[in-house]
Amino acid sequence: MATRILRFDELSWDQVASLPRDIPLVLPLGSGYDLELLASQLSDPPQLGLLPTFPFGWRGSGLEIPDRVFTRYISNLLDSLRDDSFSRVYCLAPQGFDPQSFFIEQLSSACLRLPGPTHIVPMSYLPPDTERGKVILIPIGHTEQHGFHLPLCVDTIIIEAIANGTVTKVPTRSWTLPVMPYGVSTHRSSFAGTLNAGGRAFEDFWLAVIDVLVARGFDRMYLMSGHGGNTSFLVNIVKYAGERHRRIFCATTWLHTSGRIGAAALEKYRTSPIGGMGHACELETAYLLHLR
């Protein structure tokens with residue numbers, strides 16, 4: 001019988017809570033993998049949980065950061081799953097990836113690589129050098145609980161749509177990195193399926209990304225968050241980036257739809273009382289209904 005592939009971030013938190021704890025959960029670095037081959041390598045389990053793609057950071061990804069910084073981010077995410085008692089947790093890496101670049105033995109041993117050229121899409125620089133002079137949008141979502149009626153990917157879907165919409169509106173002034181579907185949830189143990197990159201690892205990762213962009217000649221970055229738990233850490237990142245790189249402009253904001261235009265629109269159209277614009281409430285539900 002063929003393995004059933006579950007898109008982990010399309011589940012709600014209660015669905016994750018009901019999964020068998022021996023289901024393989026796989027976090028892929030990049031995309032383009034043969035999922036049938038992946039299932040075969042895992043001995044064709046009845047079900048396999050596929051987490052959202054981690055878009056960049058490793059050697060060869062187009063936007064490389066130091067191995068130790070990358071390792072800590074990935075390790076914290078996988079530890080979140082282990083904390084929920086999932087026993088078969090893996091990182092799926094492309095051909096040519098050296099598991100020894102992970103400086104944590106447990107992570108190296110959890111690294112899967114498929115036989116054959118299963119990851120064949122060549123990665124170019126992110127962003128392309130031709131985009132210098134534009135504002136580089138850095139959308140960061142998260143994979144976390146959103147009640148019984150919404151999937152874990154709400155924050156990622158919303159902020160990706162906002163970033164892509166911005167580039168569509170002002171293509172000569174902006175360019176967006178692929179959305180990052182993993183952020184910080186310090187309260188994660190309360191709900192299954194809520195991951196946590198860890199505050200310090202999160203700050204180190206995004207500072208390293210800014211270092212790379214600045215070294216390549218980019219000087220305007222806008223860190224966009226779809227998840228409230230990221231915000232205080234993004235403020236720190238902006239401060240540190242400003243200390244480290246005095247001639248750049250790096251900014252963030254307190255969540256999306258919180259500016260002058262967005263706040264006015266919410267007041268005009270909302271139907272819920274005070275409190276109804278919070279987590280997994282009217283606003284995020286309306287966004288998902290619109291985008292899907």
# chains A, B, ... in the order shown; residues from 1 in each chain; ligands from 1

$ select_by_dssp --residues "region 49-219 of chain A" --states "strand (DSSP E or B)" --output "count of residues only"
23

$ residues_around --residues "region 229-241 of chain A" --least-positions-apart "6" --cutoff "9 Å" --atoms "only C-alpha atoms" --output "list in words"
Ile140, Gly141, His142, Gly183, Val184, Ser185, Thr186, Gly199, Arg200, Phe202, Glu203, Asp204, Trp206, Leu207, Ile210, Asp211, Leu223, Ile248, Phe249, Cys250, Ala251, Thr252, Thr253, Trp254 and Leu255 of chain A

$ write_last_selection --atoms "N, CA and C atoms" --output "PDB file, in the first residue's frame"
ATOM      1  N   ILE A 140       8.726  36.335   7.121  1.00  0.00           N
ATOM      2  CA  ILE A 140       8.923  35.257   8.085  1.00  0.00           C
ATOM      3  C   ILE A 140       7.572  34.900   8.696  1.00  0.00           C
ATOM      4  N   GLY A 141       7.140  33.697   8.479  1.00  0.00           N
ATOM      5  CA  GLY A 141       5.890  33.220   9.062  1.00  0.00           C
ATOM      6  C   GLY A 141       6.171  32.333  10.265  1.00  0.00           C
ATOM      7  N   HIS A 142       5.384  31.297  10.396  1.00  0.00           N
ATOM      8  CA  HIS A 142       5.630  30.327  11.460  1.00  0.00           C
ATOM      9  C   HIS A 142       4.737  29.118  11.227  1.00  0.00           C
ATOM     10  N   GLY A 183       9.414  30.260  12.936  1.00  0.00           N
ATOM     11  CA  GLY A 183       9.781  31.375  13.798  1.00  0.00           C
ATOM     12  C   GLY A 183       9.891  30.943  15.248  1.00  0.00           C
ATOM     13  N   VAL A 184       9.480  31.830  16.145  1.00  0.00           N
ATOM     14  CA  VAL A 184       9.672  31.619  17.576  1.00  0.00           C
ATOM     15  C   VAL A 184       8.320  31.523  18.282  1.00  0.00           C
ATOM     16  N   SER A 185       8.148  30.481  19.096  1.00  0.00           N
ATOM     17  CA  SER A 185       6.987  30.345  19.979  1.00  0.00           C
ATOM     18  C   SER A 185       7.498  29.893  21.338  1.00  0.00           C
ATOM     19  N   THR A 186       7.612  30.836  22.253  1.00  0.00           N
ATOM     20  CA  THR A 186       8.122  30.476  23.583  1.00  0.00           C
ATOM     21  C   THR A 186       7.093  29.714  24.402  1.00  0.00           C
ATOM     22  N   GLY A 199      14.677  31.837  20.524  1.00  0.00           N
ATOM     23  CA  GLY A 199      14.928  33.261  20.332  1.00  0.00           C
ATOM     24  C   GLY A 199      16.350  33.598  19.931  1.00  0.00           C
ATOM     25  N   ARG A 200      17.330  33.034  20.644  1.00  0.00           N
ATOM     26  CA  ARG A 200      18.718  33.354  20.324  1.00  0.00           C
ATOM     27  C   ARG A 200      19.118  32.812  18.952  1.00  0.00           C
ATOM     28  N   PHE A 202      17.140  32.269  16.465  1.00  0.00           N
ATOM     29  CA  PHE A 202      16.408  33.078  15.490  1.00  0.00           C
ATOM     30  C   PHE A 202      17.159  34.376  15.216  1.00  0.00           C
ATOM     31  N   GLU A 203      17.584  35.059  16.259  1.00  0.00           N
ATOM     32  CA  GLU A 203      18.320  36.309  16.075  1.00  0.00           C
ATOM     33  C   GLU A 203      19.640  36.083  15.341  1.00  0.00           C
ATOM     34  N   ASP A 204      20.362  35.044  15.743  1.00  0.00           N
ATOM     35  CA  ASP A 204      21.651  34.772  15.105  1.00  0.00           C
ATOM     36  C   ASP A 204      21.482  34.442  13.621  1.00  0.00           C
ATOM     37  N   TRP A 206      19.033  35.370  11.466  1.00  0.00           N
ATOM     38  CA  TRP A 206      18.659  36.498  10.610  1.00  0.00           C
ATOM     39  C   TRP A 206      19.725  37.573  10.573  1.00  0.00           C
ATOM     40  N   LEU A 207      20.493  37.712  11.639  1.00  0.00           N
ATOM     41  CA  LEU A 207      21.654  38.607  11.560  1.00  0.00           C
ATOM     42  C   LEU A 207      22.669  38.088  10.555  1.00  0.00           C
ATOM     43  N   ILE A 210      21.462  38.926   7.098  1.00  0.00           N
ATOM     44  CA  ILE A 210      21.724  40.338   6.795  1.00  0.00           C
ATOM     45  C   ILE A 210      23.204  40.553   6.500  1.00  0.00           C
ATOM     46  N   ASP A 211      24.086  39.902   7.258  1.00  0.00           N
ATOM     47  CA  ASP A 211      25.523  40.001   6.988  1.00  0.00           C
ATOM     48  C   ASP A 211      25.835  39.602   5.548  1.00  0.00           C
ATOM     49  N   LEU A 223      12.294  43.319   7.316  1.00  0.00           N
ATOM     50  CA  LEU A 223      11.918  42.056   7.955  1.00  0.00           C
ATOM     51  C   LEU A 223      10.423  42.086   8.253  1.00  0.00           C
ATOM     52  N   ILE A 248      23.474  50.893   6.239  1.00  0.00           N
ATOM     53  CA  ILE A 248      22.318  50.214   5.652  1.00  0.00           C
ATOM     54  C   ILE A 248      21.039  50.735   6.292  1.00  0.00           C
ATOM     55  N   PHE A 249      19.916  50.393   5.656  1.00  0.00           N
ATOM     56  CA  PHE A 249      18.609  50.659   6.260  1.00  0.00           C
ATOM     57  C   PHE A 249      17.935  49.314   6.463  1.00  0.00           C
ATOM     58  N   CYS A 250      17.726  48.943   7.708  1.00  0.00           N
ATOM     59  CA  CYS A 250      17.081  47.673   8.053  1.00  0.00           C
ATOM     60  C   CYS A 250      15.924  47.983   8.990  1.00  0.00           C
ATOM     61  N   ALA A 251      14.742  47.488   8.675  1.00  0.00           N
ATOM     62  CA  ALA A 251      13.553  47.856   9.440  1.00  0.00           C
ATOM     63  C   ALA A 251      12.644  46.651   9.637  1.00  0.00           C
ATOM     64  N   THR A 252      11.742  46.790  10.589  1.00  0.00           N
ATOM     65  CA  THR A 252      10.670  45.815  10.791  1.00  0.00           C
ATOM     66  C   THR A 252       9.457  46.598  11.270  1.00  0.00           C
ATOM     67  N   THR A 253       8.357  45.896  11.539  1.00  0.00           N
ATOM     68  CA  THR A 253       7.155  46.549  12.046  1.00  0.00           C
ATOM     69  C   THR A 253       6.435  45.595  12.977  1.00  0.00           C
ATOM     70  N   TRP A 254       5.482  46.110  13.713  1.00  0.00           N
ATOM     71  CA  TRP A 254       4.733  45.275  14.653  1.00  0.00           C
ATOM     72  C   TRP A 254       3.610  44.557  13.907  1.00  0.00           C
ATOM     73  N   LEU A 255       3.949  43.437  13.346  1.00  0.00           N
ATOM     74  CA  LEU A 255       3.010  42.619  12.598  1.00  0.00           C
ATOM     75  C   LEU A 255       2.495  43.335  11.342  1.00  0.00           C
TER      76      LEU A 255
END

$ closest_residue --among "A:Leu25, A:Val16, A:Ile136, A:Leu51" --to "Gly217 (chain A)" --atoms "only C-alpha atoms"
A:Ile136

$ residues_around --residues "region 157-166 of chain A" --least-positions-apart "2" --cutoff "12 Å" --atoms "only C-alpha atoms" --output "PyMOL selection string"
chain A and resi 9-10+52+135-143+150-155+168-182+222-228+255-257+262+283-292

$ select_by_dssp --residues "region 90-264 of chain A" --states "alpha helix (DSSP H)" --output "count of residues only"
57

$ closest_atom_pairs --of "region 129-192 of chain A" --to "region 83-106 of chain A" --cutoff "10 Å" --atoms "only C-alpha atoms" --output "CSV"
residue,atom,partner,partner_atom,distance
A:Arg188,CA,A:Asp83,CA,9.8
A:Ser189,CA,A:Asp84,CA,7.7
A:Ser190,CA,A:Asp84,CA,10.0
A:Phe191,CA,A:Asp84,CA,9.0
A:Ala192,CA,A:Asp84,CA,6.5

$ write_last_selection --atoms "C-alpha atoms" --output "PDB file, in the first residue's frame"
ATOM      1  CA  ARG A 188       5.035  26.070  22.272  1.00  0.00           C
ATOM      2  CA  SER A 189       4.592  23.198  24.743  1.00  0.00           C
ATOM      3  CA  SER A 190       0.901  24.047  25.233  1.00  0.00           C
ATOM      4  CA  PHE A 191      -0.155  22.889  21.761  1.00  0.00           C
ATOM      5  CA  ALA A 192       0.983  20.062  19.504  1.00  0.00           C
TER       6      ALA A 192
END

$ residues_around --residues "Ser40 (chain A)" --least-positions-apart "3" --cutoff "10 Å" --atoms "only C-alpha atoms" --output "PyMOL selection string"
chain A and resi 2-3+35-37+43-45+114

$ atom_distance --atom1 "CA of Phe56 (chain A)" --atom2 "CA of Leu27 (chain A)"
12.7 Å

$ closest_atom_pairs --of "region 155-237 of chain A" --to "region 67-78 of chain A" --cutoff "7 Å" --atoms "only C-alpha atoms" --output "Markdown table"
| residue | atom | partner | partner_atom | distance |
| --- | --- | --- | --- | --- |
| A:Leu195 | CA | A:Leu77 | CA | 5.9 |
| A:Asn196 | CA | A:Leu77 | CA | 5.7 |
| A:Ala197 | CA | A:Asn76 | CA | 5.2 |
| A:Gly198 | CA | A:Asn76 | CA | 6.4 |
| A:Ala201 | CA | A:Tyr73 | CA | 5.5 |
| A:Phe202 | CA | A:Tyr73 | CA | 6.7 |
| A:Asp204 | CA | A:Val69 | CA | 6.4 |
| A:Phe205 | CA | A:Val69 | CA | 5.8 |

$ write_last_selection --atoms "N, CA and C atoms" --output "compact mmCIF listing (two decimals), in the first residue's frame"
# COMPACT_ATOMS: atom_id res chain seq x y z
N LEU A 195 6.01 24.76 16.56
CA LEU A 195 7.47 24.62 16.57
C LEU A 195 8.11 25.86 17.18
N ASN A 196 9.40 25.77 17.44
CA ASN A 196 10.12 26.89 18.05
C ASN A 196 11.58 26.86 17.61
N ALA A 197 11.98 27.89 16.87
CA ALA A 197 13.38 28.00 16.45
C ALA A 197 14.28 28.46 17.59
N GLY A 198 13.69 29.01 18.65
CA GLY A 198 14.48 29.53 19.77
C GLY A 198 14.88 30.97 19.52
N ALA A 201 18.71 31.59 18.64
CA ALA A 201 19.03 31.01 17.33
C ALA A 201 18.36 31.81 16.22
N PHE A 202 17.14 32.27 16.47
CA PHE A 202 16.41 33.08 15.49
C PHE A 202 17.16 34.38 15.22
N ASP A 204 20.36 35.04 15.74
CA ASP A 204 21.65 34.77 15.11
C ASP A 204 21.48 34.44 13.62
N PHE A 205 20.44 33.68 13.31
CA PHE A 205 20.20 33.28 11.92
C PHE A 205 19.95 34.51 11.05

$ atom_distance --atom1 "CA of Lys268 (chain A)" --atom2 "CA of Glu282 (chain A)"
13.5 Å

$ residues_around --residues "Gly30 (chain A)" --least-positions-apart "6" --cutoff "6 Å" --atoms "only C-alpha atoms" --output "PyMOL selection string"
chain A and resi 53-55

$ write_last_selection --atoms "C-alpha atoms" --output "CSV table (one decimal), in the first residue's frame"
chain,number,residue,atom,x,y,z
A,53,THR,CA,10.4,23.5,3.1
A,54,PHE,CA,13.3,25.3,4.8
A,55,PRO,CA,14.2,27.7,2.0

$ closest_residue --among "A:Tyr269, A:Tyr125, A:Tyr33, A:Phe8" --to "Gln145 (chain A)" --atoms "only C-alpha atoms"
A:Phe8
